[in-house]
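Accompanying notes for the structure given below.
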Amino acid sequence: MVAVGGGSTTGLAKALAARTGVPQVILPTTYAGSEVTPVLGETENGRKTTRRSPDILPETVIYDVDLTVELPVPTTVTSAVNALAHAVEALYSPEANPATDAVAVQAIRGITHSLPLVTADPSDVDARAELLESAWLAGSLMAQVSMGLHHKLCHQLGGQFDLPHAETHTVMLPHVMAYKEKESPEALAKVADALDVPDAAAAVYDLVHSLGGPSSLRELGLAESSLDGIEPMSVLRAAWEGTRPEGAPDLSALTAQVIASFDETPSPRLKQLITDLVRHLHHFAVHNDVTEDEWLFAIDFLTRTGQISDDKRKEFVLLSDTLGVSSVVDALTNSRSPLTTPSAVLGPFYVEGPPAMEHGADISGGLAGDPLWVSTQIVDVDGKAVPGAVVDVWQANKDGFYDVQLPEVDGPVLRARFVADDEGRLTFWTTLPREYPVPEDGPVGQMLQGTNRHPYRAPHVHFMIVAPNYHKLVTQLFVKGGAYMDSDTVFGVKNGLIVDFPKAQGEPPAGRAVGADGWHRLDYTFRIGR
Ligand code: BEZ
Ligand code: FE
């Protein structure tokens, strides 16, 4: 038996096969999914019964997207929502398992992605193919898990009142989803995630509405009195009236309007960045149901961040650092090659044009601390020295303060500029860096305190290395075994930057006299790339 058609054609083939035992070849022209299930629904005397048997499952199914291209848009919409219902109900089925969940989520994504494309251009074969494949996935779930409330209600309505199958599915699905939200919130959350929306039921309602699908049982011709005595009444009442399930209002048109306002942006990059920013901001607000008070708090927070900032206090940099954004952008921009030394964030304490110093100089300006001798070499990715590289270094004192934070310190201290010698080397004395808190007396501190985060940076020395024809390297070296290495508050620590700062033996270099506690040394080779 060869059947070419939609769900009822397939159903007829199944009914005949169940009675005669002849094998079936099914060529579906809609998205009903019945062709991959061993289930047969039959209506007799106003009662729809379903049965399940291996004889009913079609032996062969041929999906040919060309057979679906002429399916009219209204039928495409209702048939696709029927398929969507299979995937949604699979998620809260008692037999659901991780494998069926994964198929369901993929089907939901595929159906909701392709359906608007197909309705915009019914001859779009790629979108039709995605829809057909997703509907097949959704249909296959019916053979693995049992369908729930939605299918039971649709069958009852269909059998009792002779309502059209796919249209009934289309009207009912958002209302059943809203009802199920209370019973199976985890399953509905998976649908919301797949759709990338805060409220799955409202989103499905809006999708159907935007594609011109039916939204009430009333418009399918059901008399109001028919509902009497059917449970659960609240679902049917809402479906009969076609009211939108509660949830965030549909703001997609507003977002689209704002994005379109940037259509004339001359720079393609600016256009890309600003429209994607708007999209993410709108999505953030909708997804979290952001209140006006929360948004005003955020605006006030940013205002205060600006007000506390000046050329020494860079609160916006600190905010970007403590949110990890600086490290993300830094990694994207600077750490693309495994052959070069990893980069790390600049931070707010770099000061342009530090004092030039000679090799072997002491940059500590006499500030107390454990003496540290630093000896580094700058090489390229082949290990060849980079002579003449300009190297800025800066760090905090033993109490964790940079010079710009110390009112009693006059002039630049613990910061210097060196020029690498012919072997790409440079050396200097400084003090052993310690962990320190980032400034906590501003909005960023409020954020850290309000989220129970500590304000500490792991101990480090900063380096900025500039050489003609090489990429600039901005990085930090961290003291192995130091505090907060696993929880640096600006997310700057990387394995390749964790270095031994061991206690040193023997005579201190450059004629330096050290106390009874001795001295430490740091030896490191930086690799920079072109
Ligand atoms: C710093 O290492 O100087 C630093 C980096 C980011 C935020 C605060 C401080
Ligand atoms: Fe620092």
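Each chain of the structure tokens is named A, B, ... in the order shown, its residues numbered from 1; ligands are numbered from 1 in display order.
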Near segment 219-236 of chain A, within 8 Å and counting only C-alpha atoms, which residues show up once chain neighbours fewer than 2 positions away are dropped, as a CSV table (one decimal) with N, CA, C and O atoms, in the first residue's frame?
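Everything below was put into selection15.csv:
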chain,number,residue,atom,x,y,z
A,161,PHE,N,-16.4,16.6,18.9
A,161,PHE,CA,-17.0,17.8,18.2
A,161,PHE,C,-16.6,17.9,16.7
A,161,PHE,O,-16.9,18.9,16.1
A,163,LEU,N,-13.8,18.5,15.4
A,163,LEU,CA,-13.0,19.7,15.1
A,163,LEU,C,-11.8,19.2,14.2
A,163,LEU,O,-11.3,18.1,14.3
A,164,PRO,N,-11.3,20.2,13.4
A,164,PRO,CA,-10.2,19.8,12.5
A,164,PRO,C,-8.9,19.5,13.4
A,164,PRO,O,-8.6,20.3,14.3
A,167,GLU,N,-5.7,22.1,13.4
A,167,GLU,CA,-6.1,23.4,13.9
A,167,GLU,C,-6.4,23.3,15.4
A,167,GLU,O,-6.0,24.3,16.2
A,168,THR,N,-7.0,22.2,15.8
A,168,THR,CA,-7.2,22.1,17.3
A,168,THR,C,-5.9,22.0,18.0
A,168,THR,O,-5.8,22.7,19.1
A,172,MET,N,-4.8,24.7,21.0
A,172,MET,CA,-4.7,24.1,22.3
A,172,MET,C,-3.3,24.2,22.9
A,172,MET,O,-3.1,24.4,24.1
A,175,HIS,N,-2.2,26.9,25.5
A,175,HIS,CA,-2.9,26.8,26.7
A,175,HIS,C,-2.6,25.6,27.6
A,175,HIS,O,-2.5,25.8,28.8
A,176,VAL,N,-2.3,24.5,26.9
A,176,VAL,CA,-1.9,23.3,27.7
A,176,VAL,C,-0.5,23.6,28.3
A,176,VAL,O,-0.2,23.3,29.4
A,179,TYR,N,-0.8,25.7,31.3
A,179,TYR,CA,-1.3,24.8,32.4
A,179,TYR,C,-0.2,23.9,33.0
A,179,TYR,O,0.0,23.8,34.2
A,214,PRO,N,-4.8,29.9,13.7
A,214,PRO,CA,-6.0,30.1,14.6
A,214,PRO,C,-5.6,30.2,16.0
A,214,PRO,O,-4.7,29.5,16.5
A,215,SER,N,-6.3,31.0,16.8
A,215,SER,CA,-6.0,31.1,18.2
A,215,SER,C,-7.1,30.8,19.2
A,215,SER,O,-6.9,30.9,20.4
A,216,SER,N,-8.3,30.5,18.7
A,216,SER,CA,-9.4,30.2,19.6
A,216,SER,C,-10.2,29.0,19.1
A,216,SER,O,-10.4,28.8,17.9
A,217,LEU,N,-10.8,28.2,20.0
A,217,LEU,CA,-11.7,27.2,19.6
A,217,LEU,C,-13.0,27.8,19.1
A,217,LEU,O,-13.6,27.2,18.2
A,238,ALA,N,-9.9,29.1,28.4
A,238,ALA,CA,-8.9,30.0,27.8
A,238,ALA,C,-8.7,29.7,26.3
A,238,ALA,O,-8.6,30.7,25.5
A,239,ALA,N,-8.7,28.5,25.9
A,239,ALA,CA,-8.5,28.1,24.5
A,239,ALA,C,-9.7,28.5,23.7
A,239,ALA,O,-9.6,28.9,22.5
A,240,TRP,N,-10.9,28.4,24.3
A,240,TRP,CA,-12.1,28.8,23.6
A,240,TRP,C,-12.1,30.3,23.3
A,240,TRP,O,-12.4,30.7,22.2
For segment 189-191 of chain A, please output as a ChimeraX atom specification all residues within 10 Å (counting only C-alpha atoms; exclusion window: fewer than 2 positions along the same chain). /A:87-88,91-92,101-102,104-105,108-109,177,181,184-187,193-201,203-204
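The shortest atom-to-atom distance to Ser114 of chain A, with only C-alpha atoms taken into account, belongs to A:Leu131 out of A:Ala504, A:Leu346, A:Leu131, A:Val286.
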Produce as a PyMOL selection string the set of residues near ligand 1, where near means within 10 Å with only C-alpha atoms and all ligand atoms considered. chain A and resi 314-322+324+326-327+344-350+394-396+400-402+435-439+455-462+475-476+488-492
Just the selected residues (N, CA and C atoms), exported as a compact mmCIF listing (two decimals), in the first residue's frame, please.
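Generated file (part16.txt):
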# COMPACT_ATOMS: atom_id res chain seq x y z
N LYS A 314 39.88 54.60 37.75
CA LYS A 314 39.22 54.18 36.51
C LYS A 314 38.18 53.11 36.83
N GLU A 315 37.05 53.58 37.36
CA GLU A 315 36.04 52.64 37.87
C GLU A 315 35.40 51.82 36.76
N PHE A 316 35.26 52.40 35.56
CA PHE A 316 34.68 51.61 34.46
C PHE A 316 35.61 50.47 34.05
N VAL A 317 36.93 50.74 34.07
CA VAL A 317 37.88 49.66 33.78
C VAL A 317 37.73 48.56 34.83
N LEU A 318 37.63 48.99 36.09
CA LEU A 318 37.50 48.03 37.18
C LEU A 318 36.22 47.21 37.05
N LEU A 319 35.16 47.88 36.63
CA LEU A 319 33.89 47.16 36.44
C LEU A 319 34.03 46.12 35.34
N SER A 320 34.61 46.54 34.22
CA SER A 320 34.83 45.60 33.12
C SER A 320 35.73 44.44 33.57
N ASP A 321 36.74 44.76 34.39
CA ASP A 321 37.66 43.72 34.87
C ASP A 321 36.95 42.72 35.79
N THR A 322 36.18 43.26 36.75
CA THR A 322 35.58 42.38 37.75
C THR A 322 34.41 41.58 37.17
N GLY A 324 34.80 40.26 34.28
CA GLY A 324 35.49 39.31 33.40
C GLY A 324 35.48 39.72 31.93
N SER A 326 36.93 42.28 30.49
CA SER A 326 38.28 42.67 30.02
C SER A 326 39.07 41.43 29.64
N SER A 327 38.96 40.37 30.46
CA SER A 327 39.71 39.15 30.16
C SER A 327 39.19 38.47 28.90
N ALA A 344 47.42 39.32 29.66
CA ALA A 344 46.53 39.50 30.81
C ALA A 344 46.08 40.95 30.82
N VAL A 345 45.01 41.24 31.54
CA VAL A 345 44.39 42.57 31.44
C VAL A 345 45.35 43.68 31.86
N LEU A 346 45.15 44.85 31.28
CA LEU A 346 45.96 46.02 31.59
C LEU A 346 45.68 46.50 33.01
N GLY A 347 44.40 46.50 33.41
CA GLY A 347 44.05 47.01 34.75
C GLY A 347 44.02 48.52 34.77
N PRO A 348 43.52 49.10 35.87
CA PRO A 348 43.34 50.55 35.93
C PRO A 348 44.56 51.31 36.43
N PHE A 349 45.67 50.60 36.74
CA PHE A 349 46.77 51.29 37.41
C PHE A 349 47.96 51.57 36.50
N TYR A 350 47.81 51.31 35.21
CA TYR A 350 48.89 51.67 34.29
C TYR A 350 48.89 53.18 34.11
N TRP A 394 55.05 47.65 36.18
CA TRP A 394 54.41 48.36 37.29
C TRP A 394 53.82 47.33 38.25
N GLN A 395 53.74 47.71 39.50
CA GLN A 395 53.23 46.78 40.51
C GLN A 395 52.85 47.54 41.77
N ALA A 396 52.19 46.82 42.68
CA ALA A 396 51.79 47.40 43.96
C ALA A 396 52.88 47.19 45.00
N GLY A 400 49.94 46.28 49.03
CA GLY A 400 48.92 46.15 47.99
C GLY A 400 48.45 47.48 47.43
N PHE A 401 49.26 48.52 47.55
CA PHE A 401 48.84 49.81 46.98
C PHE A 401 49.77 50.23 45.85
N TYR A 402 49.18 50.78 44.80
CA TYR A 402 49.98 51.40 43.74
C TYR A 402 50.30 52.82 44.17
N GLU A 435 49.27 39.84 47.38
CA GLU A 435 47.86 39.99 47.00
C GLU A 435 47.35 41.33 47.49
N TYR A 436 46.37 41.89 46.79
CA TYR A 436 45.81 43.16 47.25
C TYR A 436 44.37 43.28 46.81
N PRO A 437 43.56 44.06 47.57
CA PRO A 437 42.16 44.25 47.17
C PRO A 437 42.05 45.35 46.13
N VAL A 438 41.19 45.16 45.15
CA VAL A 438 40.89 46.27 44.24
C VAL A 438 40.07 47.28 45.04
N PRO A 439 40.04 48.57 44.61
CA PRO A 439 39.34 49.59 45.41
C PRO A 439 37.89 49.19 45.65
N PRO A 455 37.51 40.94 47.19
CA PRO A 455 38.04 41.93 46.24
C PRO A 455 39.49 41.67 45.83
N TYR A 456 40.06 40.50 46.15
CA TYR A 456 41.52 40.36 46.03
C TYR A 456 42.01 39.95 44.64
N ARG A 457 43.13 40.55 44.29
CA ARG A 457 43.90 40.11 43.13
C ARG A 457 45.04 39.22 43.62
N ALA A 458 45.31 38.16 42.88
CA ALA A 458 46.47 37.32 43.18
C ALA A 458 47.74 38.16 42.97
N PRO A 459 48.83 37.88 43.73
CA PRO A 459 50.05 38.70 43.62
C PRO A 459 50.68 38.62 42.23
N HIS A 460 51.11 39.77 41.71
CA HIS A 460 51.60 39.81 40.32
C HIS A 460 52.44 41.04 40.07
N VAL A 461 53.22 40.98 38.99
CA VAL A 461 53.92 42.15 38.44
C VAL A 461 53.42 42.33 37.01
N HIS A 462 53.15 43.60 36.62
CA HIS A 462 52.67 43.89 35.27
C HIS A 462 53.82 44.17 34.31
N THR A 475 50.85 41.93 29.88
CA THR A 475 50.64 40.72 30.66
C THR A 475 51.04 40.91 32.12
N GLN A 476 50.92 39.86 32.88
CA GLN A 476 51.27 39.90 34.30
C GLN A 476 51.91 38.56 34.65
N ASP A 488 41.22 34.94 41.57
CA ASP A 488 41.57 36.33 41.25
C ASP A 488 40.32 37.11 40.85
N THR A 489 40.10 38.25 41.47
CA THR A 489 38.80 38.92 41.29
C THR A 489 38.62 39.55 39.91
N VAL A 490 39.70 39.62 39.11
CA VAL A 490 39.53 40.12 37.74
C VAL A 490 39.81 39.02 36.71
N PHE A 491 39.94 37.78 37.18
CA PHE A 491 40.04 36.62 36.28
C PHE A 491 41.25 36.71 35.33
N GLY A 492 42.38 37.17 35.91
CA GLY A 492 43.57 37.38 35.07
C GLY A 492 44.55 36.23 35.05
Given the choices A:His520, A:Lys494, A:Pro433, A:Arg512, which gets closest to ligand 2 if the distance is worked out from only C-alpha atoms and all ligand atoms? A:Pro433
Would you mind listing, for every residue of segment 370-402 of chain A within 12 Å of segment 507-510 of chain A, the two atoms forming the shortest contact and the distance between them in Å to one decimal, using only C-alpha atoms, sorted by chain and ascending residue number, as CSV?
residue,atom,partner,partner_atom,distance
A:Pro371,CA,A:Pro508,CA,9.6
A:Leu372,CA,A:Pro508,CA,9.7
A:Trp373,CA,A:Pro509,CA,7.8
A:Val374,CA,A:Pro509,CA,10.2
A:Ser375,CA,A:Pro509,CA,10.4
Alpha helix (DSSP H) residues, from DSSP on the backbone, in segment 151-337 of chain A, as an MDAnalysis selection string: chainID A and resid 151:161 165:183 185:195 200:210 233:241 252:260 268:287 292:307 315:322 325:334
When distances are computed from only C-alpha atoms and all ligand atoms, which of A:Thr427, A:Tyr470, A:Asn397, A:Gly506 shows the smallest separation from ligand 2? A:Asn397
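In this model, the gap between atom CA of Trp429 of chain A and atom CA of Ala385 of chain A comes to 22.0 Å.
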Could you list, as number ranges by chain, every residue within 10 Å of segment 255-261 of chain A, counting only C-alpha atoms and ignoring same-chain residues fewer than 2 positions away? A: 250-253, 263-265, 271-272, 274-283
Set the distance at 10 Å and use only C-alpha atoms: which residues neighbour Pro23 of chain A once local chain neighbours fewer than 5 positions away are removed? I'd like the list as a PyMOL selection string. chain A and resi 1-2+13-14+16-18+55-60
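Between ligand 2 and the residues A:His169, A:Ile465, A:Leu414, A:Gly442, the shortest atom-to-atom distance, using only C-alpha atoms and all ligand atoms, involves A:Leu414.
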Have a look at A:Phe418, A:Leu477, A:Val444, A:Leu323 and name the one nearest to ligand 2; count only C-alpha atoms and all ligand atoms. A:Leu477
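Note that the spacing between atom CA of Pro268 of chain A and atom CA of Arg530 of chain A amounts to 27.4 Å.
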As a PDB file with all heavy atoms, in the first residue's frame, which residues of segment 41-180 of chain A does DSSP assign to strand (DSSP E or B)?
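This went into states_2.pdb:
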ATOM      1  N   GLY A  41      -5.384   6.179  15.387  1.00  0.00           N
ATOM      2  CA  GLY A  41      -6.553   6.759  16.040  1.00  0.00           C
ATOM      3  C   GLY A  41      -7.764   6.588  15.145  1.00  0.00           C
ATOM      4  O   GLY A  41      -7.698   6.872  13.949  1.00  0.00           O
ATOM      5  N   GLU A  42      -8.850   6.110  15.713  1.00  0.00           N
ATOM      6  CA  GLU A  42     -10.069   5.919  14.913  1.00  0.00           C
ATOM      7  C   GLU A  42     -11.266   6.466  15.686  1.00  0.00           C
ATOM      8  O   GLU A  42     -11.350   6.300  16.907  1.00  0.00           O
ATOM      9  CB  GLU A  42     -10.283   4.437  14.620  1.00  0.00           C
ATOM     10  CG  GLU A  42      -9.251   3.909  13.623  1.00  0.00           C
ATOM     11  CD  GLU A  42      -9.313   2.397  13.463  1.00  0.00           C
ATOM     12  OE1 GLU A  42      -9.142   1.691  14.467  1.00  0.00           O
ATOM     13  OE2 GLU A  42      -9.532   1.943  12.335  1.00  0.00           O
ATOM     14  N   THR A  43     -12.187   7.096  14.956  1.00  0.00           N
ATOM     15  CA  THR A  43     -13.351   7.682  15.611  1.00  0.00           C
ATOM     16  C   THR A  43     -14.595   6.896  15.217  1.00  0.00           C
ATOM     17  O   THR A  43     -14.817   6.623  14.038  1.00  0.00           O
ATOM     18  CB  THR A  43     -13.524   9.156  15.178  1.00  0.00           C
ATOM     19  OG1 THR A  43     -12.302   9.837  15.440  1.00  0.00           O
ATOM     20  CG2 THR A  43     -14.657   9.818  15.939  1.00  0.00           C
ATOM     21  N   GLU A  44     -15.327   6.520  16.232  1.00  0.00           N
ATOM     22  CA  GLU A  44     -16.574   5.804  15.973  1.00  0.00           C
ATOM     23  C   GLU A  44     -17.620   6.322  16.946  1.00  0.00           C
ATOM     24  O   GLU A  44     -17.363   6.396  18.158  1.00  0.00           O
ATOM     25  CB  GLU A  44     -16.350   4.299  16.182  1.00  0.00           C
ATOM     26  CG  GLU A  44     -17.278   3.473  15.333  1.00  0.00           C
ATOM     27  CD  GLU A  44     -16.917   1.989  15.391  1.00  0.00           C
ATOM     28  OE1 GLU A  44     -15.995   1.611  16.122  1.00  0.00           O
ATOM     29  OE2 GLU A  44     -17.588   1.213  14.702  1.00  0.00           O
ATOM     30  N   ARG A  47     -16.559   8.975  19.459  1.00  0.00           N
ATOM     31  CA  ARG A  47     -15.483   8.682  20.419  1.00  0.00           C
ATOM     32  C   ARG A  47     -14.239   8.284  19.661  1.00  0.00           C
ATOM     33  O   ARG A  47     -14.273   7.388  18.821  1.00  0.00           O
ATOM     34  CB  ARG A  47     -15.882   7.523  21.344  1.00  0.00           C
ATOM     35  CG  ARG A  47     -16.616   7.972  22.587  1.00  0.00           C
ATOM     36  CD  ARG A  47     -16.748   6.817  23.564  1.00  0.00           C
ATOM     37  NE  ARG A  47     -15.462   6.458  24.170  1.00  0.00           N
ATOM     38  CZ  ARG A  47     -14.892   7.117  25.181  1.00  0.00           C
ATOM     39  NH1 ARG A  47     -15.519   8.159  25.695  1.00  0.00           N
ATOM     40  NH2 ARG A  47     -13.734   6.745  25.672  1.00  0.00           N
ATOM     41  N   LYS A  48     -13.152   8.976  19.968  1.00  0.00           N
ATOM     42  CA  LYS A  48     -11.903   8.639  19.294  1.00  0.00           C
ATOM     43  C   LYS A  48     -11.130   7.663  20.168  1.00  0.00           C
ATOM     44  O   LYS A  48     -10.909   7.915  21.353  1.00  0.00           O
ATOM     45  CB  LYS A  48     -11.073   9.903  19.054  1.00  0.00           C
ATOM     46  CG  LYS A  48      -9.826   9.644  18.239  1.00  0.00           C
ATOM     47  CD  LYS A  48      -9.327  10.913  17.591  1.00  0.00           C
ATOM     48  CE  LYS A  48      -8.092  10.613  16.738  1.00  0.00           C
ATOM     49  NZ  LYS A  48      -7.624  11.787  16.015  1.00  0.00           N
ATOM     50  N   THR A  49     -10.756   6.520  19.599  1.00  0.00           N
ATOM     51  CA  THR A  49      -9.938   5.579  20.359  1.00  0.00           C
ATOM     52  C   THR A  49      -8.602   5.446  19.640  1.00  0.00           C
ATOM     53  O   THR A  49      -8.515   5.632  18.423  1.00  0.00           O
ATOM     54  CB  THR A  49     -10.593   4.186  20.427  1.00  0.00           C
ATOM     55  OG1 THR A  49     -10.880   3.775  19.083  1.00  0.00           O
ATOM     56  CG2 THR A  49     -11.868   4.209  21.246  1.00  0.00           C
ATOM     57  N   THR A  50      -7.568   5.170  20.415  1.00  0.00           N
ATOM     58  CA  THR A  50      -6.267   4.930  19.779  1.00  0.00           C
ATOM     59  C   THR A  50      -5.782   3.542  20.180  1.00  0.00           C
ATOM     60  O   THR A  50      -6.062   3.067  21.268  1.00  0.00           O
ATOM     61  CB  THR A  50      -5.210   5.968  20.226  1.00  0.00           C
ATOM     62  OG1 THR A  50      -5.198   6.013  21.635  1.00  0.00           O
ATOM     63  CG2 THR A  50      -5.481   7.333  19.665  1.00  0.00           C
ATOM     64  N   ARG A  51      -5.092   2.928  19.255  1.00  0.00           N
ATOM     65  CA  ARG A  51      -4.440   1.659  19.610  1.00  0.00           C
ATOM     66  C   ARG A  51      -3.035   1.665  19.036  1.00  0.00           C
ATOM     67  O   ARG A  51      -2.706   2.442  18.125  1.00  0.00           O
ATOM     68  CB  ARG A  51      -5.243   0.462  19.120  1.00  0.00           C
ATOM     69  CG  ARG A  51      -5.551   0.460  17.642  1.00  0.00           C
ATOM     70  CD  ARG A  51      -6.388  -0.772  17.313  1.00  0.00           C
ATOM     71  NE  ARG A  51      -7.082  -0.617  16.050  1.00  0.00           N
ATOM     72  CZ  ARG A  51      -7.041  -1.543  15.097  1.00  0.00           C
ATOM     73  NH1 ARG A  51      -6.350  -2.658  15.278  1.00  0.00           N
ATOM     74  NH2 ARG A  51      -7.708  -1.356  13.973  1.00  0.00           N
ATOM     75  N   ARG A  52      -2.224   0.807  19.572  1.00  0.00           N
ATOM     76  CA  ARG A  52      -0.798   0.783  19.284  1.00  0.00           C
ATOM     77  C   ARG A  52      -0.432  -0.660  18.955  1.00  0.00           C
ATOM     78  O   ARG A  52      -0.783  -1.571  19.704  1.00  0.00           O
ATOM     79  CB  ARG A  52      -0.107   1.220  20.579  1.00  0.00           C
ATOM     80  CG  ARG A  52       1.358   1.503  20.542  1.00  0.00           C
ATOM     81  CD  ARG A  52       1.791   1.969  21.938  1.00  0.00           C
ATOM     82  NE  ARG A  52       1.821   3.416  22.051  1.00  0.00           N
ATOM     83  CZ  ARG A  52       2.891   4.166  21.861  1.00  0.00           C
ATOM     84  NH1 ARG A  52       4.053   3.620  21.545  1.00  0.00           N
ATOM     85  NH2 ARG A  52       2.842   5.467  21.975  1.00  0.00           N
ATOM     86  N   THR A  60       8.014   1.492   5.410  1.00  0.00           N
ATOM     87  CA  THR A  60       8.900   2.395   4.662  1.00  0.00           C
ATOM     88  C   THR A  60       8.297   3.799   4.634  1.00  0.00           C
ATOM     89  O   THR A  60       7.097   3.953   4.367  1.00  0.00           O
ATOM     90  CB  THR A  60       9.069   1.904   3.200  1.00  0.00           C
ATOM     91  OG1 THR A  60       9.548   0.549   3.240  1.00  0.00           O
ATOM     92  CG2 THR A  60      10.044   2.757   2.423  1.00  0.00           C
ATOM     93  N   VAL A  61       9.151   4.778   4.915  1.00  0.00           N
ATOM     94  CA  VAL A  61       8.721   6.182   4.796  1.00  0.00           C
ATOM     95  C   VAL A  61       9.704   6.885   3.873  1.00  0.00           C
ATOM     96  O   VAL A  61      10.918   6.717   4.012  1.00  0.00           O
ATOM     97  CB  VAL A  61       8.710   6.889   6.164  1.00  0.00           C
ATOM     98  CG1 VAL A  61       8.248   8.342   6.007  1.00  0.00           C
ATOM     99  CG2 VAL A  61       7.818   6.150   7.157  1.00  0.00           C
TER     100      VAL A  61
END
For each of A:Arg527, A:Lys480, A:Lys472, A:Arg415, take the minimum atom-to-atom distance to ligand 2, counting only C-alpha atoms and all ligand atoms, then give the residue where this is smallest. A:Arg415
